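Visitor: What follows is run_8.csv; its format and atoms are CSV, N, CA and C atoms.
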```
chain,number,residue,atom,x,y,z
A,30,MET,N,0.8,-1.2,0.0
A,30,MET,CA,0.0,0.0,0.0
A,30,MET,C,0.9,1.2,0.0
A,31,PRO,N,0.7,2.2,-0.9
A,31,PRO,CA,1.5,3.4,-1.0
A,31,PRO,C,1.3,4.2,0.3
A,32,THR,N,2.4,4.9,0.7
A,32,THR,CA,2.3,5.8,1.8
A,32,THR,C,2.0,7.3,1.4
A,33,LEU,N,1.8,8.2,2.4
A,33,LEU,CA,1.7,9.6,2.0
A,33,LEU,C,2.9,10.1,1.3
A,34,HIS,N,4.1,9.7,1.7
A,34,HIS,CA,5.3,10.1,1.1
A,34,HIS,C,5.3,9.6,-0.4
A,35,ASP,N,4.9,8.4,-0.6
A,35,ASP,CA,4.8,7.8,-2.0
A,35,ASP,C,3.9,8.7,-2.9
A,36,PHE,N,2.7,9.0,-2.4
A,36,PHE,CA,1.8,9.8,-3.2
A,36,PHE,C,2.3,11.2,-3.4
A,37,ASN,N,2.9,11.8,-2.4
A,37,ASN,CA,3.5,13.2,-2.6
A,37,ASN,C,4.7,13.1,-3.6
A,38,GLN,N,5.5,12.1,-3.5
A,38,GLN,CA,6.6,12.0,-4.5
A,38,GLN,C,6.1,11.7,-5.9
A,39,ARG,N,5.0,10.9,-6.0
A,39,ARG,CA,4.4,10.6,-7.3
A,39,ARG,C,4.0,11.9,-8.1
A,40,GLY,N,3.4,12.9,-7.3
A,40,GLY,CA,3.0,14.1,-7.9
A,40,GLY,C,3.9,15.2,-7.9
A,41,ALA,N,5.1,15.1,-7.3
A,41,ALA,CA,6.0,16.2,-7.1
A,41,ALA,C,6.5,16.8,-8.4
A,42,ALA,N,6.7,16.1,-9.5
A,42,ALA,CA,7.2,16.6,-10.7
A,42,ALA,C,6.0,16.9,-11.7
A,43,MET,N,4.8,16.6,-11.3
A,43,MET,CA,3.6,16.8,-12.1
A,43,MET,C,2.8,18.0,-11.6
A,44,LEU,N,1.6,18.1,-12.2
A,44,LEU,CA,0.8,19.3,-11.8
A,44,LEU,C,0.5,19.4,-10.3
A,45,PRO,N,0.2,18.3,-9.6
A,45,PRO,CA,0.0,18.6,-8.1
A,45,PRO,C,1.2,19.2,-7.5
A,46,GLY,N,2.4,18.8,-7.8
A,46,GLY,CA,3.6,19.3,-7.2
A,46,GLY,C,3.8,20.8,-7.7
A,47,HIS,N,3.6,21.0,-8.9
A,47,HIS,CA,3.7,22.4,-9.4
A,47,HIS,C,2.8,23.4,-8.7
A,48,LEU,N,1.6,22.9,-8.3
A,48,LEU,CA,0.6,23.8,-7.6
A,48,LEU,C,0.9,23.8,-6.1
A,49,GLY,N,1.8,23.0,-5.6
A,49,GLY,CA,2.1,22.9,-4.2
A,49,GLY,C,1.1,22.1,-3.4
A,50,ILE,N,0.4,21.2,-4.1
A,50,ILE,CA,-0.5,20.3,-3.4
A,50,ILE,C,0.3,19.2,-2.6
A,51,VAL,N,-0.1,19.1,-1.3
A,51,VAL,CA,0.5,18.1,-0.4
A,51,VAL,C,-0.6,17.3,0.2
A,52,ILE,N,-0.5,16.0,0.1
A,52,ILE,CA,-1.4,15.0,0.7
A,52,ILE,C,-1.0,14.9,2.2
A,53,THR,N,-2.0,15.2,3.0
A,53,THR,CA,-1.7,15.2,4.5
A,53,THR,C,-2.3,14.1,5.3
A,54,HIS,N,-3.2,13.3,4.7
A,54,HIS,CA,-3.9,12.2,5.4
A,54,HIS,C,-4.5,11.3,4.3
A,55,MET,N,-4.3,10.0,4.6
A,55,MET,CA,-4.9,9.0,3.7
A,55,MET,C,-5.3,7.8,4.5
A,56,GLU,N,-6.6,7.4,4.4
A,56,GLU,CA,-7.1,6.1,4.9
A,56,GLU,C,-8.1,5.6,4.0
A,57,ALA,N,-8.5,4.4,4.2
A,57,ALA,CA,-9.6,3.8,3.3
A,57,ALA,C,-10.8,4.7,3.3
A,58,GLY,N,-11.1,5.2,2.1
A,58,GLY,CA,-12.3,6.0,1.9
A,58,GLY,C,-12.1,7.5,2.2
A,59,GLU,N,-10.9,7.9,2.5
A,59,GLU,CA,-10.8,9.4,2.8
A,59,GLU,C,-9.3,9.8,2.4
A,60,VAL,N,-9.3,11.0,1.8
A,60,VAL,CA,-8.0,11.6,1.5
A,60,VAL,C,-8.1,13.1,1.8
A,61,ARG,N,-7.0,13.6,2.5
A,61,ARG,CA,-7.0,15.1,2.8
A,61,ARG,C,-5.7,15.7,2.2
A,62,ALA,N,-5.8,16.9,1.7
A,62,ALA,CA,-4.7,17.6,1.1
A,62,ALA,C,-4.8,19.1,1.4
A,63,GLU,N,-3.7,19.8,1.1
A,63,GLU,CA,-3.7,21.2,1.3
A,63,GLU,C,-2.9,21.8,0.1
A,64,MET,N,-3.2,23.1,-0.2
A,64,MET,CA,-2.5,23.8,-1.2
A,64,MET,C,-2.4,25.3,-0.8
A,65,PRO,N,-1.1,25.8,-0.7
A,65,PRO,CA,-1.0,27.2,-0.3
A,65,PRO,C,-1.5,28.1,-1.5
A,66,VAL,N,-2.1,29.2,-1.1
A,66,VAL,CA,-2.6,30.2,-2.1
A,66,VAL,C,-1.4,31.1,-2.3
A,67,ARG,N,-0.9,31.0,-3.6
A,67,ARG,CA,0.2,31.8,-4.0
A,67,ARG,C,0.0,32.3,-5.4
A,68,THR,N,0.9,33.1,-5.9
A,68,THR,CA,0.7,33.7,-7.2
A,68,THR,C,0.5,32.7,-8.3
A,69,GLU,N,1.2,31.6,-8.3
A,69,GLU,CA,1.1,30.6,-9.3
A,69,GLU,C,-0.3,29.9,-9.4
A,70,VAL,N,-1.1,30.0,-8.4
A,70,VAL,CA,-2.4,29.3,-8.5
A,70,VAL,C,-3.6,30.3,-8.6
A,71,MET,N,-3.2,31.6,-8.8
A,71,MET,CA,-4.2,32.6,-9.0
A,71,MET,C,-4.6,32.9,-10.4
A,72,ALA,N,-5.8,33.4,-10.6
A,72,ALA,CA,-6.2,33.9,-11.9
A,72,ALA,C,-5.8,35.4,-12.1
A,73,PRO,N,-5.7,35.9,-13.3
A,73,PRO,CA,-5.3,37.2,-13.5
A,73,PRO,C,-6.2,38.3,-12.7
A,74,ASN,N,-7.4,37.9,-12.3
A,74,ASN,CA,-8.2,38.9,-11.5
A,74,ASN,C,-7.8,39.0,-10.1
A,75,GLY,N,-6.8,38.2,-9.6
A,75,GLY,CA,-6.3,38.3,-8.3
A,75,GLY,C,-7.0,37.3,-7.3
A,76,PHE,N,-7.8,36.5,-7.8
A,76,PHE,CA,-8.5,35.5,-6.9
A,76,PHE,C,-7.9,34.1,-7.3
A,77,LEU,N,-8.1,33.1,-6.4
A,77,LEU,CA,-7.7,31.8,-6.6
A,77,LEU,C,-8.4,31.2,-7.9
A,78,HIS,N,-7.6,30.7,-8.8
A,78,HIS,CA,-8.1,30.2,-10.1
A,78,HIS,C,-9.0,28.9,-9.8
A,79,ALA,N,-10.1,28.9,-10.5
A,79,ALA,CA,-11.0,27.7,-10.3
A,79,ALA,C,-10.3,26.4,-10.7
A,80,GLY,N,-9.4,26.5,-11.7
A,80,GLY,CA,-8.7,25.3,-12.2
A,80,GLY,C,-7.8,24.8,-11.1
A,81,SER,N,-7.3,25.6,-10.2
A,81,SER,CA,-6.4,25.2,-9.1
A,81,SER,C,-7.3,24.4,-8.1
A,82,ILE,N,-8.5,24.9,-7.8
A,82,ILE,CA,-9.4,24.2,-6.9
A,82,ILE,C,-9.8,22.9,-7.5
A,83,VAL,N,-10.1,22.8,-8.8
A,83,VAL,CA,-10.5,21.6,-9.4
A,83,VAL,C,-9.3,20.6,-9.4
A,84,THR,N,-8.1,21.1,-9.6
A,84,THR,CA,-7.0,20.2,-9.6
A,84,THR,C,-6.8,19.6,-8.2
A,85,LEU,N,-6.9,20.4,-7.1
A,85,LEU,CA,-6.8,19.9,-5.8
A,85,LEU,C,-7.8,18.8,-5.5
A,86,ALA,N,-9.1,19.1,-5.8
A,86,ALA,CA,-10.1,18.1,-5.6
A,86,ALA,C,-9.9,16.8,-6.4
A,87,ASP,N,-9.6,17.0,-7.7
A,87,ASP,CA,-9.4,15.8,-8.5
A,87,ASP,C,-8.2,15.0,-8.1
A,88,THR,N,-7.2,15.7,-7.6
A,88,THR,CA,-6.0,14.9,-7.1
A,88,THR,C,-6.4,14.1,-5.9
A,89,CYS,N,-7.1,14.7,-4.9
A,89,CYS,CA,-7.6,13.9,-3.7
A,89,CYS,C,-8.4,12.7,-4.1
A,90,ALA,N,-9.4,12.9,-5.0
A,90,ALA,CA,-10.2,11.8,-5.4
A,90,ALA,C,-9.5,10.8,-6.2
A,91,GLY,N,-8.5,11.2,-7.0
A,91,GLY,CA,-7.7,10.3,-7.8
A,91,GLY,C,-6.8,9.4,-6.9
A,92,TYR,N,-6.2,10.1,-6.0
A,92,TYR,CA,-5.3,9.3,-5.1
A,92,TYR,C,-6.1,8.4,-4.2
A,93,GLY,N,-7.3,8.8,-3.8
A,93,GLY,CA,-8.2,7.9,-3.0
A,93,GLY,C,-8.6,6.7,-3.9
A,94,CYS,N,-8.8,6.9,-5.1
A,94,CYS,CA,-9.2,5.9,-6.0
A,94,CYS,C,-8.0,4.9,-6.2
A,95,ILE,N,-6.8,5.4,-6.4
A,95,ILE,CA,-5.6,4.5,-6.5
A,95,ILE,C,-5.5,3.7,-5.2
A,96,ASN,N,-5.7,4.3,-4.1
A,96,ASN,CA,-5.5,3.7,-2.8
A,96,ASN,C,-6.6,2.6,-2.5
A,97,SER,N,-7.7,2.6,-3.3
A,97,SER,CA,-8.7,1.6,-3.1
A,97,SER,C,-9.1,0.9,-4.3
A,98,LEU,N,-8.2,0.7,-5.3
A,98,LEU,CA,-8.5,-0.1,-6.5
A,98,LEU,C,-8.8,-1.5,-6.1
A,99,PRO,N,-9.8,-2.1,-6.8
A,99,PRO,CA,-10.1,-3.5,-6.6
A,99,PRO,C,-9.0,-4.4,-7.1
A,100,GLU,N,-8.9,-5.6,-6.6
A,100,GLU,CA,-7.9,-6.6,-7.0
A,100,GLU,C,-7.9,-6.8,-8.5
A,101,GLY,N,-6.8,-6.7,-9.1
A,101,GLY,CA,-6.6,-7.0,-10.6
A,101,GLY,C,-6.7,-5.7,-11.4
A,102,ALA,N,-7.1,-4.6,-10.8
A,102,ALA,CA,-7.2,-3.3,-11.5
A,102,ALA,C,-5.8,-2.8,-11.7
A,103,SER,N,-5.6,-2.1,-12.9
A,103,SER,CA,-4.3,-1.5,-13.2
A,103,SER,C,-4.3,0.0,-13.1
A,104,GLY,N,-5.4,0.6,-12.9
A,104,GLY,CA,-5.5,2.1,-12.7
A,104,GLY,C,-6.9,2.6,-12.8
A,105,PHE,N,-7.0,3.9,-13.2
A,105,PHE,CA,-8.3,4.5,-13.3
A,105,PHE,C,-8.2,5.7,-14.2
A,106,THR,N,-9.3,6.2,-14.6
A,106,THR,CA,-9.4,7.5,-15.3
A,106,THR,C,-10.6,8.3,-14.8
A,107,THR,N,-10.5,9.6,-14.7
A,107,THR,CA,-11.7,10.4,-14.3
A,107,THR,C,-12.6,10.5,-15.5
A,108,VAL,N,-13.9,10.2,-15.4
A,108,VAL,CA,-14.8,10.3,-16.5
A,108,VAL,C,-15.8,11.4,-16.3
A,109,GLU,N,-15.9,11.9,-15.1
A,109,GLU,CA,-16.8,13.0,-14.9
A,109,GLU,C,-16.4,13.8,-13.6
A,110,LEU,N,-16.4,15.1,-13.6
A,110,LEU,CA,-16.1,15.9,-12.5
A,110,LEU,C,-17.0,17.1,-12.5
A,111,LYS,N,-17.8,17.1,-11.5
A,111,LYS,CA,-18.8,18.3,-11.3
A,111,LYS,C,-18.3,19.1,-10.2
A,112,SER,N,-18.3,20.4,-10.4
A,112,SER,CA,-17.8,21.3,-9.3
A,112,SER,C,-18.8,22.5,-9.2
A,113,ASN,N,-19.1,22.8,-7.9
A,113,ASN,CA,-19.9,24.0,-7.6
A,113,ASN,C,-18.9,24.9,-6.8
A,114,HIS,N,-18.6,26.1,-7.3
A,114,HIS,CA,-17.7,27.0,-6.7
A,114,HIS,C,-18.6,28.0,-5.9
A,115,LEU,N,-18.3,28.1,-4.6
A,115,LEU,CA,-19.1,28.9,-3.7
A,115,LEU,C,-18.4,30.1,-3.2
A,116,GLY,N,-17.1,30.1,-3.3
A,116,GLY,CA,-16.3,31.2,-2.8
A,116,GLY,C,-14.9,31.1,-3.4
A,117,THR,N,-14.0,32.0,-2.9
A,117,THR,CA,-12.7,32.1,-3.4
A,117,THR,C,-11.8,32.5,-2.3
A,118,ALA,N,-10.5,32.6,-2.6
A,118,ALA,CA,-9.5,33.1,-1.6
A,118,ALA,C,-8.4,33.9,-2.3
A,119,ARG,N,-7.7,34.7,-1.5
A,119,ARG,CA,-6.6,35.5,-2.0
A,119,ARG,C,-5.3,35.2,-1.3
A,120,ASP,N,-5.4,34.5,-0.2
A,120,ASP,CA,-4.2,34.2,0.6
A,120,ASP,C,-4.5,32.9,1.5
A,121,GLY,N,-3.5,32.5,2.2
A,121,GLY,CA,-3.7,31.4,3.2
A,121,GLY,C,-3.5,30.1,2.5
A,122,VAL,N,-4.2,29.1,3.0
A,122,VAL,CA,-4.1,27.7,2.6
A,122,VAL,C,-5.5,27.2,2.3
A,123,VAL,N,-5.6,26.4,1.2
A,123,VAL,CA,-6.9,25.8,0.8
A,123,VAL,C,-6.8,24.3,1.2
A,124,LEU,N,-7.8,23.8,1.8
A,124,LEU,CA,-7.9,22.4,2.3
A,124,LEU,C,-8.9,21.6,1.5
A,125,CYS,N,-8.7,20.3,1.3
A,125,CYS,CA,-9.6,19.5,0.6
A,125,CYS,C,-9.8,18.2,1.4
A,126,VAL,N,-11.0,17.7,1.5
A,126,VAL,CA,-11.3,16.4,2.1
A,126,VAL,C,-12.2,15.7,1.1
A,127,ALA,N,-11.7,14.6,0.6
A,127,ALA,CA,-12.4,13.7,-0.4
A,127,ALA,C,-12.8,12.4,0.3
A,128,ARG,N,-14.0,12.0,0.1
A,128,ARG,CA,-14.5,10.8,0.7
A,128,ARG,C,-15.2,9.9,-0.4
A,129,THR,N,-15.0,8.6,-0.3
A,129,THR,CA,-15.7,7.7,-1.2
A,129,THR,C,-17.2,7.7,-1.0
A,130,VAL,N,-17.9,7.7,-2.0
A,130,VAL,CA,-19.4,7.5,-2.0
A,130,VAL,C,-19.8,6.1,-2.5
A,131,HIS,N,-19.0,5.7,-3.5
A,131,HIS,CA,-19.2,4.4,-4.2
A,131,HIS,C,-17.9,3.8,-4.6
A,132,SER,N,-17.6,2.6,-4.2
A,132,SER,CA,-16.4,1.9,-4.6
A,132,SER,C,-16.7,0.6,-5.2
A,133,GLY,N,-17.0,0.6,-6.5
A,133,GLY,CA,-17.4,-0.6,-7.2
A,133,GLY,C,-16.2,-1.2,-8.0
A,134,ARG,N,-16.5,-2.3,-8.7
A,134,ARG,CA,-15.5,-3.0,-9.5
A,134,ARG,C,-15.2,-2.2,-10.7
A,135,THR,N,-16.1,-1.5,-11.3
A,135,THR,CA,-15.9,-0.7,-12.5
A,135,THR,C,-15.9,0.8,-12.4
A,136,THR,N,-16.5,1.3,-11.3
A,136,THR,CA,-16.5,2.7,-11.1
A,136,THR,C,-16.3,3.0,-9.6
A,137,GLN,N,-15.8,4.2,-9.4
A,137,GLN,CA,-15.8,4.8,-8.0
A,137,GLN,C,-16.3,6.2,-8.1
A,138,VAL,N,-17.0,6.6,-7.1
A,138,VAL,CA,-17.5,8.0,-7.0
A,138,VAL,C,-17.0,8.6,-5.7
A,139,TRP,N,-16.4,9.8,-5.8
A,139,TRP,CA,-15.9,10.5,-4.6
A,139,TRP,C,-16.5,11.9,-4.5
A,140,ASP,N,-16.8,12.3,-3.3
A,140,ASP,CA,-17.2,13.7,-3.0
A,140,ASP,C,-16.0,14.4,-2.4
A,141,ALA,N,-15.8,15.7,-2.7
A,141,ALA,CA,-14.8,16.4,-2.1
A,141,ALA,C,-15.3,17.8,-1.7
A,142,VAL,N,-14.8,18.3,-0.6
A,142,VAL,CA,-15.2,19.6,-0.1
A,142,VAL,C,-13.9,20.4,0.0
A,143,VAL,N,-13.8,21.6,-0.6
A,143,VAL,CA,-12.6,22.4,-0.5
A,143,VAL,C,-13.0,23.6,0.4
A,144,THR,N,-12.1,23.9,1.4
A,144,THR,CA,-12.3,25.0,2.3
A,144,THR,C,-11.1,25.9,2.4
A,145,HIS,N,-11.3,27.1,2.9
A,145,HIS,CA,-10.2,28.0,3.2
A,145,HIS,C,-9.9,27.8,4.6
A,146,ARG,N,-8.6,27.4,4.9
A,146,ARG,CA,-8.2,27.0,6.3
A,146,ARG,C,-8.4,28.2,7.3
A,147,GLU,N,-8.0,29.4,6.9
A,147,GLU,CA,-8.1,30.5,7.8
A,147,GLU,C,-9.5,31.0,8.1
A,148,SER,N,-10.4,31.0,7.2
A,148,SER,CA,-11.7,31.5,7.4
A,148,SER,C,-12.7,30.4,7.7
A,149,GLY,N,-12.4,29.1,7.3
A,149,GLY,CA,-13.3,28.0,7.4
A,149,GLY,C,-14.4,28.0,6.4
A,150,LYS,N,-14.3,29.0,5.5
A,150,LYS,CA,-15.4,29.1,4.4
A,150,LYS,C,-15.2,28.0,3.4
A,151,THR,N,-16.4,27.4,3.0
A,151,THR,CA,-16.4,26.4,2.0
A,151,THR,C,-16.3,27.1,0.6
A,152,LEU,N,-15.3,26.7,-0.2
A,152,LEU,CA,-15.0,27.3,-1.5
A,152,LEU,C,-15.6,26.5,-2.6
A,153,ALA,N,-15.7,25.2,-2.5
A,153,ALA,CA,-16.2,24.4,-3.6
A,153,ALA,C,-16.7,23.0,-3.1
A,154,LEU,N,-17.6,22.5,-3.8
A,154,LEU,CA,-18.1,21.1,-3.6
A,154,LEU,C,-17.9,20.3,-4.9
A,155,PHE,N,-17.5,19.1,-4.8
A,155,PHE,CA,-17.2,18.3,-6.0
A,155,PHE,C,-17.8,16.9,-5.9
A,156,ARG,N,-18.1,16.4,-7.1
A,156,ARG,CA,-18.4,15.0,-7.2
A,156,ARG,C,-17.6,14.5,-8.4
A,157,CYS,N,-16.8,13.4,-8.2
A,157,CYS,CA,-15.9,12.9,-9.2
A,157,CYS,C,-16.2,11.4,-9.4
A,158,THR,N,-16.4,11.0,-10.7
A,158,THR,CA,-16.6,9.6,-11.0
A,158,THR,C,-15.4,9.2,-11.8
A,159,GLN,N,-14.9,8.0,-11.4
A,159,GLN,CA,-13.7,7.4,-12.0
A,159,GLN,C,-14.1,6.0,-12.6
A,160,MET,N,-13.6,5.7,-13.7
A,160,MET,CA,-13.7,4.4,-14.3
A,160,MET,C,-12.5,3.6,-13.9
A,161,VAL,N,-12.7,2.4,-13.4
A,161,VAL,CA,-11.6,1.6,-13.0
A,161,VAL,C,-11.1,0.8,-14.2
A,162,LEU,N,-9.8,0.8,-14.4
A,162,LEU,CA,-9.2,0.2,-15.6
A,162,LEU,C,-8.5,-1.2,-15.2
A,163,TYR,N,-8.6,-2.1,-16.2
A,163,TYR,CA,-8.0,-3.4,-16.0
A,163,TYR,C,-7.2,-3.7,-17.2
A,164,PRO,N,-6.1,-4.5,-17.0
A,164,PRO,CA,-5.3,-4.9,-18.2
A,164,PRO,C,-6.1,-5.6,-19.2
A,165,LYS,N,-5.8,-5.4,-20.5
A,165,LYS,CA,-6.5,-6.1,-21.6
A,165,LYS,C,-6.1,-7.6,-21.6
A,166,ALA,N,-7.1,-8.4,-21.8
A,166,ALA,CA,-6.9,-9.9,-21.8
A,166,ALA,C,-5.9,-10.2,-23.0
A,167,GLY,N,-4.9,-11.0,-22.7
A,167,GLY,CA,-3.9,-11.4,-23.7
A,167,GLY,C,-2.9,-10.3,-24.0
A,168,ALA,N,-2.9,-9.2,-23.3
A,168,ALA,CA,-1.9,-8.1,-23.6
A,168,ALA,C,-0.7,-8.3,-22.7
```
Go ahead and express the file in the form of structure tokens.
Guide:
Amino acid sequence: MPTLHDFNQRGAAMLPGHLGIVITHMEAGEVRAEMPVRTEVMAPNGFLHAGSIVTLADTCAGYGCINSLPEGASGFTTVELKSNHLGTARDGVVLCVARTVHSGRTTQVWDAVVTHRESGKTLALFRCTQMVLYPKAGA
């Protein structure tokens, strides 16, 4: 089973690492992460970019999916991500908690809530559906 360190290393040279996303907690059915609000994750209007929030939530749901793949599965891909943006931030740290809603053999569904650590304000709600992938027979 991968550790927090393994997941953080996996994303270090990729988009999660570029955005400063750090996985802080992982257990069966739940992943938590944080992302500092800094210039690189802002939109030109001076507010946190919606894409940064989506990346944080999708990363949590994706790592949760990896952590709970059924036996024989080789990976996953996100097939749908719905987001409701309720607020934004200009500073501080953004937190995400993702929890599994459905963990089946062919699909998983995760809900994620993104909040601003300093104010406690909910910034976004997510629902993410992933398709579980299996190796092709005979490949």
Visitor: Between A:Thr88, A:Gln159, A:Ser81, A:Thr68, which has the minimum distance to Thr135 (chain A) (counting all atoms listed in the file)?
Guide: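 Checking each of A:Thr88, A:Gln159, A:Ser81, A:Thr68 against Thr135 (chain A), counting all atoms listed in the file, the winner is A:Gln159.
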Visitor: Would you compute the distance between CA of His47 (chain A) and CA of Val70 (chain A)? Give it in Å to one decimal.
Guide: 9.3 Å
Visitor: Which residue gives the smallest distance to Gln137 (chain A) among A:Gly149, A:His54, A:Met160, A:Phe105, with all atoms listed in the file counted?
Guide: A:Met160
Visitor: Mind listing the strand (DSSP E) residues of chain A, per DSSP on the backbone, as number ranges by chain?
Guide: A: 51-56, 59-65, 104-114, 122-132, 136-145, 151-162
Visitor: Find the residue from A:Ile50, A:Ser112, A:Pro31, A:His145 that sits nearest to Val83 (chain A); use all atoms listed in the file when measuring.
Guide: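 Answer, going by the shortest atom-to-atom distance: A:Ser112.
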Visitor: To one decimal place in Å, what is the distance between CA of His114 (chain A) and atom N of Leu154 (chain A)?
Guide: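 So the two atoms, CA of His114 (chain A) and atom N of Leu154 (chain A), lie 5.4 Å apart.
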Visitor: Write out as a list in words which residues come within 6 Å of Glu59 (chain A) when counting only N, CA and C atoms, dropping same-chain ones fewer than 2 positions away.
Guide: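 Contacts, with the query itself left out: His54, Met55, Glu56, Ala57, Arg61, Gly93, Ala127, Arg128 and Thr129 of chain A.
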